[in-house]
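Chemist: Dumping the structure here so I can ask a few things about it.
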Amino acid sequence: MGLSHILKNILCISVAFLMSHTGLCHGKAIDKTALKSQVVEMFNHAYDSYMTYAYPADELMPLSCRGRVRGEETSRGDVDDALGKFSLTLIDTLDTLAVVGELDKFEEAVRLVTRDVTFDTDIVVSVFETNIRVLGGLLGGHVMALAIKEQTNRMQWYNDELLAMAKDIGNRLLPAFNTTTGMPYPRVNLKYGIQSGKSRTGTERDTCTACAGTMILEFAALSRLTGESIFEEKAHRAMQYIWEKRHRSNNLVGTTINIHSGDWVRRESGVGAGIDSYYEYCLKAYILLGEEIYLERFNKHYDAIMRYVSNGPLLIDVHMHKPLTRSRNFMDALLAFWPGLQVLVGDIKPAIETHEMLYQVTKKHNFLPEAFTLDHNVYWGQHPLRPEFVESTYFLYKATNDPYYLEVGQDILDNLNQHARVPCGFAGMKDVRTGSHEDRMDSFVLAETFKYLYLLFAEPDDLIIELDDYLFTTEAHLLPLYIGNIRNKSSSANVKESQPPLHADLINYDRTCPNHNFEQNIAHFAELVRKPIQQQTFSDDICPPSKRAGTSTAKRSSKPGTLRAADFIPGNRDHEKILKKMGIRLVTMRDGRVQLLHTASQAATPEDAEEGMVFMQEMIELSKVQSLEEYQPRAVQFVSPPYNGNIVLTAGPAQFGLELYGHNGVTGEAVVADPYRACTVLNNADEVAGRIVVLERGDCMFIDKARIIQKAGGRGAIIIDNNDGSSSDLSSIFAMSGDGTTDVTLAALFLFWKEGNILLNSIKEQNGYLEVMLVDKARTVDEILRRREEQEDDDEQSEIEDDHIAQDQEEKQVTDTHRQPELPDELVNVIMQEVQKMVDSKGGMADYIRQLEETQRELTNAGVKVDLEVQFDDEKKEEEGERRRDPNSLEVSIDLTQQTDLLGEDVWKSIEALQQKTINEKVKVQVLPEKRSSEVNLQQDSGCSEAQLPAGASESEQDIDELQHSQQHQKQGISESEQKSKQQQLQQQDSLSGEHLERHSKENVPVEVIRESHLQHHEQQPNQGAKPLQDQQNEDLQRWLHQQHIQRHQGAQQKHRVGSAGSGSVAQHELHDSDVQELQQQKEHVGASSEQQQQNDLDVKELQRLEQERLVQEHLRFHEHRRHELQQQINENLELQQTEQHLQEDNEAKSNNKDEL
């Protein structure tokens, strides 16, 4: 394939590009003009942020809103080798300013570079990065300055100043080529060169293939433009040596090579990181310089790649010497340039396939991860806003004129705006899974990413140059094709190699750019190629199923005490003992991580040593799975203005507390803990409640800090690393360990020192108010704004509801002024203390009744009536029309009198609404303030009693009852105590349900037998098979007593049917029909004769005697049963306290062990 064929492909691309200026995708027009304007706005936002916050620094730190100056920021390792204190971003952006039409800014930038930038600096820089970014940027700026000067009246002052600077930096890079192989050192000192006592470099042995083989375009252009051939000669020799060291049988090259011996250090071969731009420059050197030797090399490399590396749309690395064996099971983002390069070759079909595969990955993660698996999952989550995928999208659109690629470009724009845009520029993505940001905006974002996006939507008339007359370098700098017409005296074209003839079958011309005269539309052709890729499901089948992560083929012992890696909990004493037995010891690293070390000789037995080996294998496999899945990073997102979700920090998860994966997130205002490490009680606990607390690592365990925050009412915790300079750029994300407990429920995340300082500075800049969100993945700005609007609506609705509630309360207060005062706390305490005496009484119910009578007299003097009624039935509704009865409930009725002067006005003023008052942790009282007459109902139930004040009778009914009660006292002359005894006895008799009386009265069963059977029914209810009373003699005796009781009671009813009803107690149980009639008749015949009343009293006293005997016996028995239950509960509480004490001792021991380690 000769020059004419390459030019034909370029012409093919140009014709396709000129076919249409309007995109139509899926039947919907795409407004290219609007998208082009959007790109310009985004570019200016990034460029202006750099000039405002960073210049003259090399790069912008968009999260910190300041420049990155090498030596002043924490070193990022090899990444910082691109920085040389020469305003890298400004130089790299020069020709982009001209391309997007910002000519004023371009002219100003050229003036700044020529005035301020110097290369005479004692600093070590990357030869590769300095060549493509600085030398290439200066050459691109020089070319654009000449074009502007020629076509407009601008920049007439320009006199090749940028070219002179390019020659200066080129000369400073030349010492790096002084090696035996001609391949350059990877680094050079701009002032002292190589191997000088001051250079601090020149000792390196290895370099990447792309680093040594990506020099020819810039160096050759510099030579052709300056007339000094040494630059092109050096670059050509380096490429020639790499070609000579290729594998002769398959024409593949490795990733890393020794610059002195030429031996391959890393033999992985592919088209991604470490090799990519070497292949690119083989082809583009031929396009720019027109020398066939570069094309011949590229053709052989391309054939080898398509034969061994390409697998459909996938491009998977192989071993250089074993090309049929894969060297890894993932792909990296740098290979995304390959479809664009295939367009230049004319191999359209595989370019469309690979690009579509990359687009599917991008749609899944919003961006193309730095590395991803064959089934499109994340391998490395970073994305520094690389341009390679945009570059291929641009070239495919030019080749096919398919508006589908405009839609791809629009998606890229949307993702940049939604996920990467921050107030001070555009931030790289730390992890595409969480949407967290990295405090970096590399120079290639302005030099390449926005340039290709602009060209994708721009029309030819929007450009000041004829784009097809230029060639893009790997950094997207523009070099004119006329350079190839300038010949050096020692041109590389004079160097001929003995090469076998290039066979035509090495290139599949069926895949080259289709002729536009074909009947088949090229856009339709691209759609047909994409469709199978869109429907294809990729899977990673590198490893057999039995050896996948998380599984182990090793056999585990089934003996007791065997510990699996998945069950291991750091800090668990039992687990540590098992590990020690297996010869495994734990070592705590300086950063807090725990390392496991296995020594077989220290195991208790050979079998234990084998178990330890298997455990370590499981732990390694588990660590792989956790690093990819379980311990994926989380995010801290700034959601309050002015950020509105635009800043997202990478955070580590926790093995305790709220799991954020799949959760909506926890939002709250950030507040700094006092003390900062939060290992003791917080001094600002009032500020912590309901907020997300920021604190520092150290002095205590992570989970202990979380407990303290949770106890203070905090919604979440952000723990910042205490190691100065640590960052997610240099350290791996890890999960904060817990202690195996589940008491912590708040969300907790970990930030490294650098990210933590971004958070702290933002809190300070916002005057202490910063709302943050703890999430598994960052939310878009639209989602945050929509959520905020919903929250504002909810707050507004809550205010309206609060106003309504306040209004109701005011109306209620007005109504309550006409009611009796609430029950004072002092009186409630007295009653509850008496109730507790009943629970603790050793003399049984009878003893308690005597004690209560004394207290009753004291309370009466204080203006409170206390009527005691002991009954068996506490009614509880189960279903409509049915009631369930529990034995031995106590009802104490309390009536407030009108004698408020006895209590004093100060007592009434101190009364508050008592809703849930707890006394000695077992008795709860609920006071309903709207009731004039209140009742206290106590039901004993398994160690916890609840007292409730239900509604009493209406005021009119109580007045009538009190009047009748007073008349009865005057006519009968009966003492209050006798009247209370009579009322008590009648209510005890009527406490049995109508159901029991009606059923058993037909059988003439004594009342005692009925009550005994009823009691046994409740005591033996769990055992449905338990039989009632078996003693026939006792049954006959009880039956006789019952008959006597019925006869006496019926006789009294026939003679007089007169009685009185108590006014101070409230009956809460269903009464027998005859009893109801009797009570009613008693009220109607209050004025009966004293003789009839005396006979009735005799009947009542006889009933009282019989019932009192049974009552005392029954309650003594029940009290003994209750005492036994209370004692059992006390024993259980003691056991629980002992267990808690043991847990506390274990926690203290863990803390001591941690301090010792």
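Please note that chains go A, B, ... in the order of the structure tokens, that every chain numbers its residues from 1, and that ligands are numbered from 1 in the order shown.
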List the spatial neighbours of stretch 597-611 of chain A as a compact mmCIF listing (two decimals) with C-alpha atoms, in the first residue's frame - criterion: any atom at most 6 Å away, only C-alpha atoms, same-chain residues fewer than 6 positions off excluded.

Modeler:
# COMPACT_ATOMS: atom_id res chain seq x y z
CA LYS A 581 -2.59 -22.55 66.03
CA MET A 582 -2.28 -22.65 62.24
CA GLY A 583 0.99 -20.68 62.37
CA ILE A 584 -0.52 -17.38 61.24
CA ARG A 585 0.22 -14.15 63.05

Chemist: Would you give me, as a list in words, the residues in stretch 441-473 of chain A that DSSP reads as strand (DSSP E or B)?

Modeler: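 Here are the strand (DSSP E or B) residues of stretch 441-473 of chain A: Met441, Tyr470, Leu471 and Phe472 of chain A.
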
Chemist: Taking only C-alpha atoms into account, name the residue in A:Thr434, A:Asn684, A:Thr118, A:Gln342 that is nearest to A:Val648.

Modeler: A:Thr434

Chemist: Quick one, how far is atom CA of A:Pro423 from atom CA of A:Ala336?

Modeler: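 Here the two named atoms are 28.9 Å from each other.
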
Chemist: Which residues come within 8 Å of A:Asp58, counting only C-alpha atoms, excluding same-chain residues fewer than 4 positions away, as a ChimeraX atom specification?

Modeler: /A:54,67-69,83-90

Chemist: Provide the atom CA of A:Asp567 to atom CA of A:Glu1145 distance in Å, to one decimal place.

Modeler: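 Atom CA of A:Asp567 sits 22.9 Å away from atom CA of A:Glu1145.
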
Chemist: For A:Leu658, work out the shell of residues within 10 Å, counting only C-alpha atoms and skipping chain neighbours fewer than 4 positions away, then give it as a short mmCIF file (atom, residue, chain, number, x, y, z; two decimals) with all heavy atoms, in the first residue's frame.

Modeler:
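What landed in result_11.cif:
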data_model
loop_
_atom_site.label_atom_id
_atom_site.label_comp_id
_atom_site.auth_asym_id
_atom_site.auth_seq_id
_atom_site.Cartn_x
_atom_site.Cartn_y
_atom_site.Cartn_z
N PRO A 653 -15.16 2.63 52.20
CA PRO A 653 -16.34 2.18 52.93
C PRO A 653 -15.98 1.70 54.33
O PRO A 653 -14.82 1.74 54.75
CB PRO A 653 -16.87 1.03 52.07
CG PRO A 653 -15.62 0.46 51.46
CD PRO A 653 -14.69 1.62 51.24
N ALA A 654 -16.98 1.22 55.04
CA ALA A 654 -16.79 0.66 56.39
C ALA A 654 -17.46 -0.71 56.45
O ALA A 654 -18.45 -0.96 55.78
CB ALA A 654 -17.37 1.58 57.46
N HIS A 663 -28.24 2.32 48.37
CA HIS A 663 -29.00 3.21 49.26
C HIS A 663 -29.13 4.58 48.61
O HIS A 663 -28.32 4.96 47.75
CB HIS A 663 -28.28 3.32 50.61
CG HIS A 663 -29.09 3.94 51.69
ND1 HIS A 663 -29.11 5.30 51.91
CD2 HIS A 663 -29.91 3.40 52.62
CE1 HIS A 663 -29.91 5.57 52.93
NE2 HIS A 663 -30.40 4.43 53.38
N GLY A 665 -28.55 7.28 49.95
CA GLY A 665 -27.53 8.17 50.46
C GLY A 665 -27.99 8.87 51.73
O GLY A 665 -29.18 8.93 52.05
N VAL A 666 -27.01 9.42 52.46
CA VAL A 666 -27.27 10.14 53.70
C VAL A 666 -26.80 11.57 53.51
O VAL A 666 -25.63 11.81 53.20
CB VAL A 666 -26.55 9.49 54.89
CG1 VAL A 666 -26.77 10.29 56.16
CG2 VAL A 666 -27.02 8.06 55.07
N GLY A 716 -24.10 10.75 60.35
CA GLY A 716 -23.04 10.05 59.64
C GLY A 716 -21.70 10.52 60.13
O GLY A 716 -21.59 11.48 60.91
N THR A 742 -23.15 -5.26 65.69
CA THR A 742 -24.08 -4.60 64.76
C THR A 742 -24.80 -3.43 65.42
O THR A 742 -25.86 -3.03 64.95
CB THR A 742 -25.11 -5.62 64.25
OG1 THR A 742 -25.82 -6.18 65.37
CG2 THR A 742 -24.43 -6.73 63.47
N VAL A 744 -23.80 -0.30 65.64
CA VAL A 744 -23.63 0.96 64.92
C VAL A 744 -24.49 0.92 63.65
O VAL A 744 -24.37 -0.01 62.84
CB VAL A 744 -22.16 1.19 64.55
CG1 VAL A 744 -22.01 2.45 63.70
CG2 VAL A 744 -21.32 1.31 65.81
N THR A 745 -25.33 1.92 63.48
CA THR A 745 -26.25 1.94 62.34
C THR A 745 -26.06 3.16 61.44
O THR A 745 -26.69 3.24 60.39
CB THR A 745 -27.70 1.94 62.85
OG1 THR A 745 -27.91 3.06 63.71
CG2 THR A 745 -28.00 0.64 63.60
N LEU A 746 -25.22 4.11 61.82
CA LEU A 746 -25.02 5.29 60.97
C LEU A 746 -24.04 4.98 59.84
O LEU A 746 -23.30 3.99 59.89
CB LEU A 746 -24.56 6.49 61.78
CG LEU A 746 -23.27 6.40 62.62
CD1 LEU A 746 -22.01 6.45 61.80
CD2 LEU A 746 -23.26 7.51 63.66
N ALA A 747 -24.01 5.82 58.83
CA ALA A 747 -23.10 5.66 57.69
C ALA A 747 -21.75 6.29 58.04
O ALA A 747 -21.69 7.40 58.58
CB ALA A 747 -23.69 6.32 56.45
N ALA A 748 -20.67 5.58 57.71
CA ALA A 748 -19.33 6.07 57.99
C ALA A 748 -18.45 5.84 56.77
O ALA A 748 -18.49 4.77 56.17
CB ALA A 748 -18.73 5.36 59.21
#

Chemist: Calculated over only C-alpha atoms, which of the candidates A:Val639, A:Leu162, A:Ala685, A:Leu563 has the smallest distance to A:Thr780?

Modeler: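 Nearest to A:Thr780: A:Val639.
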
Chemist: Residues within 12 Å of A:Leu413, please, as a PyMOL selection string. Count only C-alpha atoms; anything in the same chain fewer than 4 positions from it doesn't count.

Modeler: chain A and resi 34-43+366-367+385+390+406-409+417-421+426+449-450+452-454+456-457

Chemist: Pick out the residues sitting within 9 Å of A:Tyr279, and hand them over as an MDAnalysis selection string; count only C-alpha atoms, and ignore anything fewer than 4 positions along from it in its own chain.

Modeler: chainID A and resid 210 213:214 271 275 283:284 297:298 301:302

Chemist: Which of these residues is nearest to A:Thr181, using only C-alpha atoms: A:Val127, A:Leu1136, A:Val636, A:Ala238?

Modeler: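 Smallest separation from A:Thr181 among the options: A:Ala238.
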
Chemist: Write down as a PyMOL selection string the residues of stretch 586-686 of chain A whose backbone DSSP state falls under alpha helix (DSSP H).

Modeler: chain A and resi 606-625+685-686

Chemist: So what do you get for atom CA of A:His236 versus atom CA of A:Ile216, distance-wise?

Modeler: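 According to the coordinates, atom CA of A:His236 and atom CA of A:Ile216 are separated by 6.2 Å.
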
Chemist: Residues within 10 Å of A:Gly645, please, as a PyMOL selection string. Count only C-alpha atoms; anything in the same chain fewer than 5 positions from it doesn't count.

Modeler: chain A and resi 418-419+421-422+636-640+771-773+778-785

Chemist: I'd like to know which of A:Asp803, A:Glu576, A:Glu790, A:Glu696 is closest to A:Leu751, using only C-alpha atoms.

Modeler: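 Ranked by minimum distance to A:Leu751, first place goes to A:Glu696.
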
Chemist: Calculated over only C-alpha atoms, which of the candidates A:Gly136, A:Gly652, A:Gly202, A:Pro313 has the smallest distance to A:Lys349?

Modeler: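 Looking only at the distances to A:Lys349, the closest residue turns out to be A:Pro313.
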